[in-house]
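Below: upload.cif (mmCIF, C-alpha atoms and all ligand atoms)
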data_upload
#
loop_
_atom_site.label_atom_id
_atom_site.label_comp_id
_atom_site.auth_asym_id
_atom_site.auth_seq_id
_atom_site.Cartn_x
_atom_site.Cartn_y
_atom_site.Cartn_z
CA MET A 418 146.72 220.24 55.15
CA GLY A 419 145.09 223.44 56.30
CA LYS A 420 147.62 226.25 56.03
CA ARG A 421 146.15 229.46 57.46
CA TYR A 422 146.68 233.05 56.39
CA LEU A 423 145.70 235.71 58.90
CA LEU A 424 144.73 238.88 57.01
CA ALA A 425 142.29 240.38 59.50
CA PRO A 426 142.53 243.90 60.95
CA GLY A 427 143.37 242.37 64.31
CA PRO A 428 144.52 240.11 65.58
CA THR A 429 147.35 240.21 63.06
CA PRO A 430 150.20 237.71 62.52
CA VAL A 431 153.02 237.63 65.05
CA PRO A 432 156.60 237.20 63.72
CA SER A 433 158.38 234.05 64.87
CA GLU A 434 161.14 236.08 66.60
CA VAL A 435 158.44 237.60 68.78
CA LEU A 436 156.79 234.25 69.47
CA LEU A 437 160.14 232.76 70.44
CA ALA A 438 160.96 235.66 72.76
CA MET A 439 157.63 235.09 74.47
CA ALA A 440 158.49 231.43 75.05
CA ALA A 441 161.16 232.40 77.62
CA PRO A 442 160.48 231.43 81.25
CA ILE A 443 158.32 233.83 83.22
CA ILE A 444 160.16 236.43 85.26
CA HIS A 445 158.68 238.18 88.27
CA HIS A 446 157.24 241.60 87.52
CA ARG A 447 158.68 243.15 90.71
CA SER A 448 162.12 241.60 90.32
CA PRO A 449 165.17 243.52 89.07
CA ASP A 450 165.07 241.30 85.96
CA PHE A 451 161.89 242.91 84.75
CA LEU A 452 162.54 246.62 85.40
CA PRO A 453 164.84 247.17 82.37
CA VAL A 454 162.38 245.21 80.22
CA LEU A 455 159.58 247.61 81.05
CA ASP A 456 161.89 250.59 80.66
CA GLU A 457 162.80 249.47 77.15
CA ALA A 458 159.13 248.94 76.27
CA ALA A 459 158.09 252.36 77.59
CA LYS A 460 160.84 254.10 75.60
CA GLY A 461 160.02 252.11 72.47
CA LEU A 462 156.37 253.09 72.73
CA GLN A 463 157.34 256.76 72.97
CA TRP A 464 159.22 256.26 69.71
CA ILE A 465 156.22 254.69 67.99
CA PHE A 466 153.81 257.28 69.39
CA GLN A 467 156.24 260.07 68.41
CA THR A 468 155.93 261.59 71.86
CA LYS A 469 157.90 262.61 74.92
CA ASN A 470 154.76 262.02 77.02
CA ASP A 471 154.39 258.95 79.15
CA VAL A 472 152.83 256.04 77.30
CA LEU A 473 150.99 253.88 79.82
CA ILE A 474 150.95 250.13 79.31
CA LEU A 475 147.70 248.47 80.37
CA CYS A 476 146.87 244.80 80.62
CA SER A 477 143.65 244.90 78.59
CA THR A 478 142.49 245.02 75.02
CA GLY A 479 142.34 248.35 73.23
CA THR A 480 138.85 249.07 74.56
CA GLY A 481 140.29 249.16 78.09
CA GLY A 482 142.53 252.01 76.94
CA MET A 483 139.47 253.77 75.51
CA VAL A 484 137.61 253.38 78.81
CA GLY A 485 140.61 254.80 80.69
CA ALA A 486 140.73 257.74 78.29
CA VAL A 487 137.22 258.61 79.49
CA ASN A 488 137.09 257.80 83.21
CA ASN A 489 140.45 259.39 84.08
CA PHE A 490 139.99 262.78 82.49
CA PHE A 491 136.31 263.69 82.53
CA SER A 492 133.54 264.29 85.01
CA ARG A 493 129.90 263.37 85.26
CA GLY A 494 127.69 265.47 83.01
CA GLU A 495 130.59 266.98 81.06
CA LYS A 496 129.91 267.73 77.41
CA VAL A 497 132.12 266.04 74.82
CA LEU A 498 132.06 265.71 71.04
CA VAL A 499 132.27 262.29 69.42
CA ILE A 500 133.01 261.84 65.74
CA ASN A 501 130.91 258.84 64.89
CA GLY A 502 131.57 257.45 61.44
CA GLY A 503 131.52 253.74 62.19
CA LYS A 504 131.38 250.97 64.74
CA PHE A 505 134.30 252.28 66.78
CA GLY A 506 133.07 255.88 66.76
CA GLU A 507 129.87 254.43 68.19
CA ARG A 508 131.98 252.81 70.90
CA TRP A 509 133.31 256.19 72.08
CA THR A 510 129.73 257.37 72.52
CA GLU A 511 128.76 254.22 74.41
CA ILE A 512 131.73 254.52 76.78
CA CYS A 513 131.08 258.23 77.39
CA GLN A 514 127.40 257.51 78.08
CA SER A 515 128.22 254.65 80.42
CA TYR A 516 130.25 257.06 82.59
CA GLY A 517 127.52 259.70 82.63
CA LEU A 518 129.17 262.17 80.24
CA ALA A 519 127.00 264.10 77.80
CA PRO A 520 128.37 263.12 74.38
CA ARG A 521 127.21 265.05 71.36
CA GLU A 522 127.80 263.20 68.11
CA ILE A 523 128.91 264.41 64.73
CA MET A 524 127.46 261.68 62.57
CA VAL A 525 129.64 260.93 59.55
CA GLU A 526 128.41 258.89 56.62
CA TRP A 527 130.08 255.48 56.70
CA GLY A 528 132.89 255.34 54.17
CA TYR A 529 133.75 259.03 54.51
CA PRO A 530 136.08 260.95 56.83
CA VAL A 531 134.78 263.73 59.05
CA ASP A 532 134.87 267.23 57.58
CA PRO A 533 137.11 269.11 60.07
CA GLU A 534 134.99 272.23 59.56
CA THR A 535 132.05 270.56 61.31
CA VAL A 536 134.27 270.10 64.37
CA GLU A 537 135.46 273.70 64.18
CA ASP A 538 131.84 274.81 63.96
CA ALA A 539 130.69 272.68 66.91
CA LEU A 540 133.52 273.86 69.15
CA SER A 541 133.11 277.52 68.29
CA LYS A 542 129.37 277.35 69.09
CA ASP A 543 129.63 275.49 72.37
CA LYS A 544 132.43 276.43 74.74
CA ASP A 545 131.33 273.74 77.21
CA ILE A 546 132.69 270.92 75.03
CA LYS A 547 135.61 269.51 77.02
CA GLY A 548 136.79 266.71 74.76
CA VAL A 549 136.78 265.62 71.12
CA PHE A 550 136.91 261.87 70.47
CA VAL A 551 137.77 260.29 67.14
CA GLN A 552 139.31 257.23 65.49
CA ALA A 553 142.46 257.66 63.42
CA SER A 554 141.62 254.60 61.34
CA GLU A 555 137.93 253.64 61.64
CA THR A 556 138.44 249.91 61.13
CA SER A 557 134.78 249.20 60.37
CA THR A 558 134.71 251.46 57.29
CA GLY A 559 138.38 251.60 56.27
CA VAL A 560 138.49 255.38 56.66
CA TYR A 561 141.36 257.50 57.97
CA HIS A 562 140.22 260.69 59.71
CA ASP A 563 142.56 263.65 59.25
CA ILE A 564 144.15 263.73 62.70
CA ALA A 565 146.55 266.58 61.90
CA ALA A 566 143.70 268.85 60.77
CA LEU A 567 141.48 267.94 63.72
CA ALA A 568 144.33 268.42 66.22
CA SER A 569 145.05 271.88 64.87
CA ILE A 570 141.41 272.84 65.54
CA VAL A 571 141.08 271.36 69.04
CA LYS A 572 144.43 272.84 70.06
CA LYS A 573 142.87 276.31 69.94
CA TYR A 574 140.64 275.43 72.90
CA ASP A 575 142.57 275.46 76.17
CA ASP A 576 139.92 273.50 78.10
CA THR A 577 139.28 270.84 75.47
CA LEU A 578 141.18 267.59 75.08
CA PHE A 579 141.75 265.78 71.79
CA ILE A 580 141.47 262.01 72.17
CA VAL A 581 142.42 259.64 69.34
CA ASP A 582 141.70 255.94 69.09
CA ALA A 583 144.75 254.87 67.08
CA ILE A 584 144.22 251.20 67.83
CA SER A 585 144.32 250.14 64.18
CA ALA A 586 146.26 253.16 62.86
CA LEU A 587 149.37 252.91 65.00
CA VAL A 588 152.41 252.21 62.76
CA ALA A 589 150.15 252.15 59.68
CA HIS A 590 149.91 255.95 59.68
CA ASP A 591 152.38 258.68 60.59
CA LEU A 592 150.70 259.96 63.77
CA ARG A 593 152.67 262.85 65.27
CA THR A 594 151.35 262.97 68.80
CA ASP A 595 153.49 265.85 70.10
CA GLU A 596 153.95 267.82 66.88
CA TRP A 597 150.19 267.90 66.23
CA GLY A 598 149.10 268.13 69.86
CA VAL A 599 147.13 264.94 70.45
CA ASP A 600 146.32 264.83 74.17
CA ILE A 601 145.41 261.18 74.53
CA MET A 602 146.21 258.49 72.00
CA VAL A 603 145.20 254.86 72.44
CA GLY A 604 146.87 251.84 70.83
CA GLY A 605 146.46 248.09 71.10
CA SER A 606 148.86 245.17 70.86
CA GLN A 607 147.12 242.91 68.35
CA LYS A 608 147.35 245.32 65.41
CA GLY A 609 150.33 247.14 63.93
CA VAL A 610 152.79 246.23 66.67
CA MET A 611 152.54 242.55 65.74
CA LEU A 612 151.67 241.07 69.14
CA PRO A 613 148.91 238.87 70.47
CA PRO A 614 145.89 240.64 72.01
CA GLY A 615 146.18 241.76 75.61
CA LEU A 616 147.92 245.14 75.85
CA ALA A 617 146.59 248.66 75.48
CA PHE A 618 148.88 251.68 75.25
CA VAL A 619 147.83 255.22 76.11
CA SER A 620 149.87 258.40 75.69
CA VAL A 621 148.82 261.32 77.86
CA SER A 622 149.78 265.00 77.43
CA GLU A 623 150.46 267.44 80.28
CA LYS A 624 147.24 269.26 79.35
CA ALA A 625 145.35 265.99 79.91
CA TRP A 626 147.16 265.25 83.21
CA ALA A 627 146.13 268.69 84.46
CA LYS A 628 142.51 267.96 83.58
CA ALA A 629 142.75 264.54 85.26
CA GLU A 630 143.11 266.36 88.61
CA LYS A 631 139.49 267.49 88.32
CA SER A 632 137.95 264.20 87.16
CA ASP A 633 135.23 262.87 89.49
CA LEU A 634 134.54 259.54 87.79
CA PRO A 635 135.19 256.20 89.53
CA LYS A 636 138.54 254.60 88.80
CA PHE A 637 140.21 251.59 90.25
CA TYR A 638 141.77 249.21 87.72
CA PHE A 639 142.18 251.87 85.06
CA ASN A 640 143.63 254.51 87.35
CA PHE A 641 146.02 256.43 85.14
CA LYS A 642 147.57 258.63 87.84
CA LYS A 643 148.49 255.48 89.72
CA GLU A 644 149.81 253.88 86.50
CA ARG A 645 151.90 256.96 85.81
CA LYS A 646 153.56 256.67 89.24
CA SER A 647 154.23 252.97 88.65
CA LEU A 648 155.63 253.66 85.20
CA ALA A 649 158.14 256.12 86.68
CA LYS A 650 159.49 253.10 88.64
CA ASN A 651 159.44 250.88 85.53
CA GLN A 652 156.47 248.97 86.86
CA THR A 653 152.76 248.61 86.26
CA SER A 654 150.31 249.02 89.15
CA PHE A 655 149.13 245.42 89.06
CA THR A 656 150.80 242.21 87.89
CA SER A 657 152.55 243.05 84.62
CA PRO A 658 151.75 241.00 81.52
CA VAL A 659 155.46 240.16 81.40
CA THR A 660 155.26 237.79 78.43
CA LEU A 661 153.54 240.34 76.20
CA ILE A 662 155.93 243.10 77.24
CA ILE A 663 158.92 240.89 76.42
CA GLY A 664 157.26 240.26 73.04
CA LEU A 665 156.72 243.99 72.60
CA ASN A 666 160.43 244.65 72.95
CA GLU A 667 161.15 242.10 70.24
CA SER A 668 158.55 243.70 67.95
CA LEU A 669 160.06 247.09 68.65
CA LYS A 670 163.46 245.79 67.54
CA ILE A 671 161.97 244.65 64.22
CA LEU A 672 160.23 247.99 63.69
CA GLN A 673 163.33 249.94 64.70
CA ALA A 674 165.45 248.01 62.23
CA GLU A 675 163.01 248.93 59.46
CA GLY A 676 162.69 252.56 60.56
CA LEU A 677 159.40 254.28 61.36
CA GLN A 678 159.11 256.18 58.07
CA ASN A 679 159.74 252.97 56.12
CA VAL A 680 157.09 251.19 58.19
CA PHE A 681 154.57 253.88 57.23
CA LYS A 682 155.64 253.71 53.57
CA ARG A 683 155.24 249.93 53.55
CA HIS A 684 151.70 250.19 54.91
CA GLU A 685 150.83 252.89 52.40
CA LEU A 686 152.16 250.85 49.48
CA LEU A 687 150.39 247.64 50.53
CA ALA A 688 147.13 249.53 51.01
CA GLN A 689 147.45 251.22 47.63
CA ALA A 690 148.23 247.93 45.86
CA THR A 691 145.25 246.24 47.53
CA ARG A 692 142.88 249.01 46.48
CA LYS A 693 144.11 249.14 42.88
CA ALA A 694 144.03 245.35 42.57
CA VAL A 695 140.48 244.91 43.81
CA GLN A 696 139.30 247.78 41.62
CA ALA A 697 140.94 246.07 38.65
CA ILE A 698 138.75 243.03 39.36
CA GLY A 699 135.78 245.36 39.04
CA LEU A 700 135.06 245.66 42.75
CA GLU A 701 134.04 248.90 44.41
CA LEU A 702 135.80 250.31 47.46
CA TYR A 703 133.51 250.96 50.42
CA THR A 704 135.77 253.81 51.51
CA LYS A 705 134.96 256.74 49.26
CA LYS A 706 137.58 259.18 50.57
CA SER A 707 140.71 259.08 52.74
CA PRO A 708 141.33 255.33 52.90
CA SER A 709 143.14 253.79 55.83
CA ASN A 710 146.57 252.22 55.36
CA ALA A 711 145.57 249.45 57.78
CA VAL A 712 142.55 247.88 56.13
CA THR A 713 140.69 247.93 52.82
CA ALA A 714 136.91 247.74 52.91
CA ILE A 715 135.39 246.33 49.71
CA VAL A 716 131.76 246.31 48.61
CA ALA A 717 130.44 242.83 47.85
CA PRO A 718 129.21 242.56 44.23
CA ALA A 719 125.45 242.85 43.75
CA GLY A 720 123.68 239.64 44.71
CA ILE A 721 126.58 238.32 46.79
CA ASP A 722 126.58 238.47 50.58
CA GLY A 723 129.82 239.96 51.93
CA GLN A 724 129.73 237.53 54.84
CA GLU A 725 129.74 234.63 52.34
CA ILE A 726 132.87 236.00 50.66
CA TYR A 727 134.54 236.27 54.06
CA LYS A 728 133.41 232.75 55.02
CA ASN A 729 134.50 231.26 51.71
CA LEU A 730 137.94 232.86 51.94
CA ARG A 731 138.37 231.17 55.29
CA THR A 732 136.79 227.79 54.78
CA THR A 733 137.89 227.14 51.19
CA TYR A 734 141.28 228.86 51.13
CA GLY A 735 142.35 229.27 54.77
CA ILE A 736 142.40 233.08 54.51
CA THR A 737 140.99 234.83 57.56
CA ALA A 738 139.97 238.33 56.48
CA ALA A 739 136.98 240.16 57.99
CA GLY A 740 133.34 240.69 57.16
CA GLY A 741 131.34 243.86 57.68
CA GLN A 742 130.32 245.24 61.07
CA GLY A 743 127.06 246.82 62.16
CA LYS A 744 125.07 248.19 59.25
CA ALA A 745 127.83 247.22 56.78
CA ARG A 746 127.43 243.53 57.67
CA GLY A 747 126.63 241.52 54.56
CA LYS A 748 127.41 244.46 52.30
CA ILE A 749 131.20 244.47 52.53
CA PHE A 750 134.27 242.43 53.39
CA ARG A 751 137.63 243.72 54.59
CA ILE A 752 141.26 242.84 53.96
CA ALA A 753 143.97 244.01 56.33
CA HIS A 754 147.56 244.87 55.47
CA LEU A 755 148.62 245.69 58.97
CA GLY A 756 151.65 244.92 61.10
CA TYR A 757 153.62 241.89 59.98
CA ALA A 758 152.39 242.27 56.40
CA ASP A 759 154.23 242.41 53.11
CA ARG A 760 153.66 242.17 49.38
CA PHE A 761 152.79 238.47 49.28
CA ASP A 762 150.06 238.96 51.85
CA VAL A 763 148.41 241.36 49.42
CA ILE A 764 148.92 238.98 46.50
CA THR A 765 147.48 236.10 48.56
CA ALA A 766 144.45 238.19 49.49
CA VAL A 767 143.79 239.36 45.94
CA ALA A 768 144.27 235.86 44.49
CA GLY A 769 141.92 234.49 47.15
CA ILE A 770 139.25 237.10 46.36
CA GLU A 771 139.44 236.30 42.65
CA MET A 772 139.14 232.56 43.29
CA VAL A 773 136.27 232.94 45.76
CA LEU A 774 134.30 235.25 43.48
CA LYS A 775 134.77 232.99 40.47
CA GLY A 776 133.72 230.03 42.61
CA MET A 777 130.56 231.93 43.56
CA GLY A 778 129.68 232.47 39.90
CA HIS A 779 130.80 236.09 39.66
CA PRO A 780 132.52 236.89 36.36
CA VAL A 781 136.22 237.32 37.14
CA GLN A 782 139.20 237.00 34.85
CA LEU A 783 141.61 235.18 37.14
CA GLY A 784 144.90 237.00 37.62
CA THR A 785 143.60 240.48 36.74
CA GLY A 786 143.94 241.91 40.23
CA VAL A 787 147.01 239.82 41.02
CA ALA A 788 148.84 241.28 38.00
CA VAL A 789 148.02 244.81 39.10
CA ALA A 790 149.29 244.10 42.62
CA GLN A 791 152.44 242.49 41.23
CA GLU A 792 153.17 245.52 39.05
CA LEU A 793 152.83 247.84 42.01
CA LEU A 794 154.77 245.66 44.41
CA ILE A 795 157.61 244.42 42.21
CA ALA A 796 160.99 245.16 43.84
C1 LIG B 1 139.70 251.38 65.67
C2 LIG B 1 139.47 250.37 66.75
N1 LIG B 1 139.08 250.80 67.96
C3 LIG B 1 138.87 249.94 68.96
C4 LIG B 1 139.03 248.59 68.80
C5 LIG B 1 138.74 247.68 69.94
O1 LIG B 1 139.88 247.07 70.37
P1 LIG B 1 139.85 245.76 71.27
O2 LIG B 1 139.05 244.74 70.53
O3 LIG B 1 141.30 245.43 71.37
O4 LIG B 1 139.25 246.12 72.57
C6 LIG B 1 139.43 248.09 67.56
C7 LIG B 1 139.58 246.64 67.35
O5 LIG B 1 139.19 246.07 66.40
C8 LIG B 1 139.66 249.01 66.51
O6 LIG B 1 140.05 248.58 65.30
#

Is it possible to express this structure as structure tokens?
Amino acid sequence: MGKRYLLAPGPTPVPSEVLLAMAAPIIHHRSPDFLPVLDEAAKGLQWIFQTKNDVLILCSTGTGGMVGAVNNFFSRGEKVLVINGGKFGERWTEICQSYGLAPREIMVEWGYPVDPETVEDALSKDKDIKGVFVQASETSTGVYHDIAALASIVKKYDDTLFIVDAISALVAHDLRTDEWGVDIMVGGSQKGVMLPPGLAFVSVSEKAWAKAEKSDLPKFYFNFKKERKSLAKNQTSFTSPVTLIIGLNESLKILQAEGLQNVFKRHELLAQATRKAVQAIGLELYTKKSPSNAVTAIVAPAGIDGQEIYKNLRTTYGITAAGGQGKARGKIFRIAHLGYADRFDVITAVAGIEMVLKGMGHPVQLGTGVAVAQELLIA
């Protein structure tokens, strides 16, 4: 028997209620049956995003939402600032470059959050910067960037938008879109909202909509003004991914029953227990400051390849975690506690790590990390 445990930072496990809801027969996206379904989803997303702004629903992965956050609001040659502290920060730069923007990067050492003062400094010295791009949770390094602090800086600049990739942070962190003044926030389905891959969500502020009027970049599929008009009629511009949206409403019910603050607390507790448990085994955290509640990045012990730990977890014990990305490949492995995750996911992960490391000849006292996690997670 090969029982599988999905503990990756996306895709994440999908609750059976959601899977069952998605097994219902297909309904037509322009029929009266579907309009209330989309209405419910749109309102639920506003609740998760903590915003009164429209939250667009796109049929794409999260990266599609990131692309739309660039090509709908900016113009060729426009200067923007990208906070690049990992693989997904790099992606903002690549998208901006591919649309002919002029991104300037603040390079952040992997494993650390950006110092908000460097953003303040860059903006005060160059008034031509029209956008600041960042990740909330940089999944490749396990870092949470201080979105509240960054928003309060960017807010001072009337012509500059603040754009947050919250793809892995959504529901794992308390992200107050309206209160803090985030102009564009991007989410994805296969992470905290407990759905299969295939949906991107993007909230857009009035400040951003005003700037969209001046954008000269090509847009067809990801045309946000068109999507906004469709959303007002409880539709999407093209064929709606009806199955995923029906699933989203079921996920929303689960999250609403738990309560948003409790959802954040759960993620925080699971993340904390994971970190303390792996440190008790003698492992070092890759994230040196401001760890994400979504994923824990762990340094592989000297002489052991991080990819081998990841592979062994999967092939020997059926646990799908994640390896390292980019320059962290081989050096780290990552454990997620995101979405449909609870205390026994953490205990499974920690037990698996102990067993894999012992199997690879690393000195581990079995149960050390598990006991620490149990103490922190006991009801
Ligand atoms: C922070 C972050 N940004 C962007 C992405 C890309 O999302 P997708 O693979 O859904 O396009 C991911 C997915 O891993 C992510 O974690």

**OP:** Give as a ChimeraX atom specification the residues surrounding ligand LIG 1 (chain B) up to a distance of 10 Å, considering all atoms listed in the file.
**Re:** /A:425-428,477-484,503-509,551-561,581-587,603-608,614-617,711-712

Restricting the output to C-alpha atoms, write the selected residues as an mmCIF file, in the coordinates of the input.
data_model
loop_
_atom_site.group_PDB
_atom_site.id
_atom_site.type_symbol
_atom_site.label_atom_id
_atom_site.label_comp_id
_atom_site.auth_asym_id
_atom_site.auth_seq_id
_atom_site.Cartn_x
_atom_site.Cartn_y
_atom_site.Cartn_z
ATOM 1 C CA ALA A 425 142.290 240.380 59.500
ATOM 2 C CA PRO A 426 142.530 243.900 60.950
ATOM 3 C CA GLY A 427 143.370 242.370 64.310
ATOM 4 C CA PRO A 428 144.520 240.110 65.580
ATOM 5 C CA SER A 477 143.650 244.900 78.590
ATOM 6 C CA THR A 478 142.490 245.020 75.020
ATOM 7 C CA GLY A 479 142.340 248.350 73.230
ATOM 8 C CA THR A 480 138.850 249.070 74.560
ATOM 9 C CA GLY A 481 140.290 249.160 78.090
ATOM 10 C CA GLY A 482 142.530 252.010 76.940
ATOM 11 C CA MET A 483 139.470 253.770 75.510
ATOM 12 C CA VAL A 484 137.610 253.380 78.810
ATOM 13 C CA GLY A 503 131.520 253.740 62.190
ATOM 14 C CA LYS A 504 131.380 250.970 64.740
ATOM 15 C CA PHE A 505 134.300 252.280 66.780
ATOM 16 C CA GLY A 506 133.070 255.880 66.760
ATOM 17 C CA GLU A 507 129.870 254.430 68.190
ATOM 18 C CA ARG A 508 131.980 252.810 70.900
ATOM 19 C CA TRP A 509 133.310 256.190 72.080
ATOM 20 C CA VAL A 551 137.770 260.290 67.140
ATOM 21 C CA GLN A 552 139.310 257.230 65.490
ATOM 22 C CA ALA A 553 142.460 257.660 63.420
ATOM 23 C CA SER A 554 141.620 254.600 61.340
ATOM 24 C CA GLU A 555 137.930 253.640 61.640
ATOM 25 C CA THR A 556 138.440 249.910 61.130
ATOM 26 C CA SER A 557 134.780 249.200 60.370
ATOM 27 C CA THR A 558 134.710 251.460 57.290
ATOM 28 C CA GLY A 559 138.380 251.600 56.270
ATOM 29 C CA VAL A 560 138.490 255.380 56.660
ATOM 30 C CA TYR A 561 141.360 257.500 57.970
ATOM 31 C CA VAL A 581 142.420 259.640 69.340
ATOM 32 C CA ASP A 582 141.700 255.940 69.090
ATOM 33 C CA ALA A 583 144.750 254.870 67.080
ATOM 34 C CA ILE A 584 144.220 251.200 67.830
ATOM 35 C CA SER A 585 144.320 250.140 64.180
ATOM 36 C CA ALA A 586 146.260 253.160 62.860
ATOM 37 C CA LEU A 587 149.370 252.910 65.000
ATOM 38 C CA VAL A 603 145.200 254.860 72.440
ATOM 39 C CA GLY A 604 146.870 251.840 70.830
ATOM 40 C CA GLY A 605 146.460 248.090 71.100
ATOM 41 C CA SER A 606 148.860 245.170 70.860
ATOM 42 C CA GLN A 607 147.120 242.910 68.350
ATOM 43 C CA LYS A 608 147.350 245.320 65.410
ATOM 44 C CA PRO A 614 145.890 240.640 72.010
ATOM 45 C CA GLY A 615 146.180 241.760 75.610
ATOM 46 C CA LEU A 616 147.920 245.140 75.850
ATOM 47 C CA ALA A 617 146.590 248.660 75.480
ATOM 48 C CA ALA A 711 145.570 249.450 57.780
ATOM 49 C CA VAL A 712 142.550 247.880 56.130
#

Original post:
Nearest to Val621 of chain A among A:Ile749, A:Ile715, A:Val472, A:Ala697, with distances taken over all atoms listed in the file: which residue is it?
Top reply: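 Nearest candidate to Val621 of chain A out of A:Ile749, A:Ile715, A:Val472, A:Ala697: A:Val472.
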
Original post:
For the atom pair atom CA of Ala486 of chain A and atom CA of Ile601 of chain A, what is the interatomic distance in Å to one decimal place?
Top reply: 6.9 Å

Residue list as an mmCIF file with C-alpha atoms, in the frame of the given file for point (124.3, 254.8, 57.1), cut-off 10 Å, only C-alpha atoms:
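Saved to out_25.cif:
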data_model
loop_
_atom_site.group_PDB
_atom_site.id
_atom_site.type_symbol
_atom_site.label_atom_id
_atom_site.label_comp_id
_atom_site.auth_asym_id
_atom_site.auth_seq_id
_atom_site.Cartn_x
_atom_site.Cartn_y
_atom_site.Cartn_z
ATOM 1 C CA GLY A 502 131.570 257.450 61.440
ATOM 2 C CA GLY A 503 131.520 253.740 62.190
ATOM 3 C CA MET A 524 127.460 261.680 62.570
ATOM 4 C CA VAL A 525 129.640 260.930 59.550
ATOM 5 C CA GLU A 526 128.410 258.890 56.620
ATOM 6 C CA TRP A 527 130.080 255.480 56.700
ATOM 7 C CA GLY A 528 132.890 255.340 54.170
ATOM 8 C CA GLY A 743 127.060 246.820 62.160
ATOM 9 C CA LYS A 744 125.070 248.190 59.250
ATOM 10 C CA ALA A 745 127.830 247.220 56.780
#

Subject >> Close residues, Gln467 of chain A itself excluded, 6 Å, only C-alpha atoms, min 2 positions apart in chain, as number ranges by chain >> reply: A: 463-465, 593-594

Original post:
Quick one: of A:Ile698, A:Ile546, A:Ala458, A:Met611, who's nearest to Ala788 of chain A, counting all atoms listed in the file?
Top reply: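 Looking at the shortest contact to Ala788 of chain A, the residue is A:Ile698.
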
Original post:
Could you work out how far atom CA of Lys643 of chain A lies from atom CA of His446 of chain A, giving the answer in Å with one decimal?
Top reply: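 Interatomic distance, atom CA of His446 of chain A to atom CA of Lys643 of chain A: 16.6 Å.
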
**OP:** Would you list the contacts of Arg751 of chain A as a PyMOL selection string, taking every protein, DNA or RNA residue within 6 Å and counting only C-alpha atoms, but skipping same-chain residues closer than 3 positions in sequence?
**Re:** chain A and resi 713-715+739-740

Which segment 619-692 of chain A residues have any atom within 9 Å of an atom of segment 492-496 of chain A, and for each, what is the nearest pair of atoms with distance in Å to one decimal, counting all atoms listed in the file, rows sorted by chain and number, as JSON lines?
{"residue": "A:Lys631", "atom": "CA", "partner": "A:Ser492", "partner_atom": "CA", "distance": 7.5}
{"residue": "A:Ser632", "atom": "CA", "partner": "A:Ser492", "partner_atom": "CA", "distance": 4.9}
{"residue": "A:Asp633", "atom": "CA", "partner": "A:Ser492", "partner_atom": "CA", "distance": 5.0}
{"residue": "A:Leu634", "atom": "CA", "partner": "A:Ser492", "partner_atom": "CA", "distance": 5.6}

Original post:
With only C-alpha atoms as the atoms that count, which of A:Phe761, A:Phe550, A:Phe579, A:Phe637 lies nearest to Gly598 of chain A?
Top reply: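 Smallest separation from Gly598 of chain A among the options: A:Phe579.
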
Original post:
Hey, which of A:Leu774, A:Val781, A:Leu455, A:Ile764 ends up closest to Leu424 of chain A? Count only C-alpha atoms.
Top reply: A:Ile764

Original post:
Quick one: residues within 9 Å of Arg421 of chain A, only C-alpha atoms counted, chain neighbours fewer than 3 positions away excluded, as a PyMOL selection string?
Top reply: chain A and resi 731+734-737

**OP:** Could you check how far atom CA of Gln678 of chain A sits from atom CA of Val599 of chain A, in Å to one decimal?
**Re:** 19.3 Å

**OP:** Find the residue from A:Lys624, A:Gln673, A:Phe451, A:Pro635 that sits nearest to Gly517 of chain A; use all atoms listed in the file when measuring.
**Re:**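 Once distances to Gly517 of chain A are computed over all atoms listed in the file, the minimum belongs to A:Pro635.
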
Original post:
Which residue, A:Pro442, A:Gly741, A:Gly609, A:Pro718, has the smallest gap to Leu672 of chain A when you use only C-alpha atoms?
Top reply: A:Gly609

Subject >> Nearby residues, (150.5, 240.6, 43.2) file frame, 12 Å, all atoms listed in the file, as a ChimeraX atom specification >> reply: /A:687,689-695,697,759-769,771,784-796

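For Glu667 of chain A, the residues within 8 Å (counting all atoms listed in the file, excluding itself and residues fewer than 6 positions away along the chain) are Glu434, Val435 and Ala438 of chain A.
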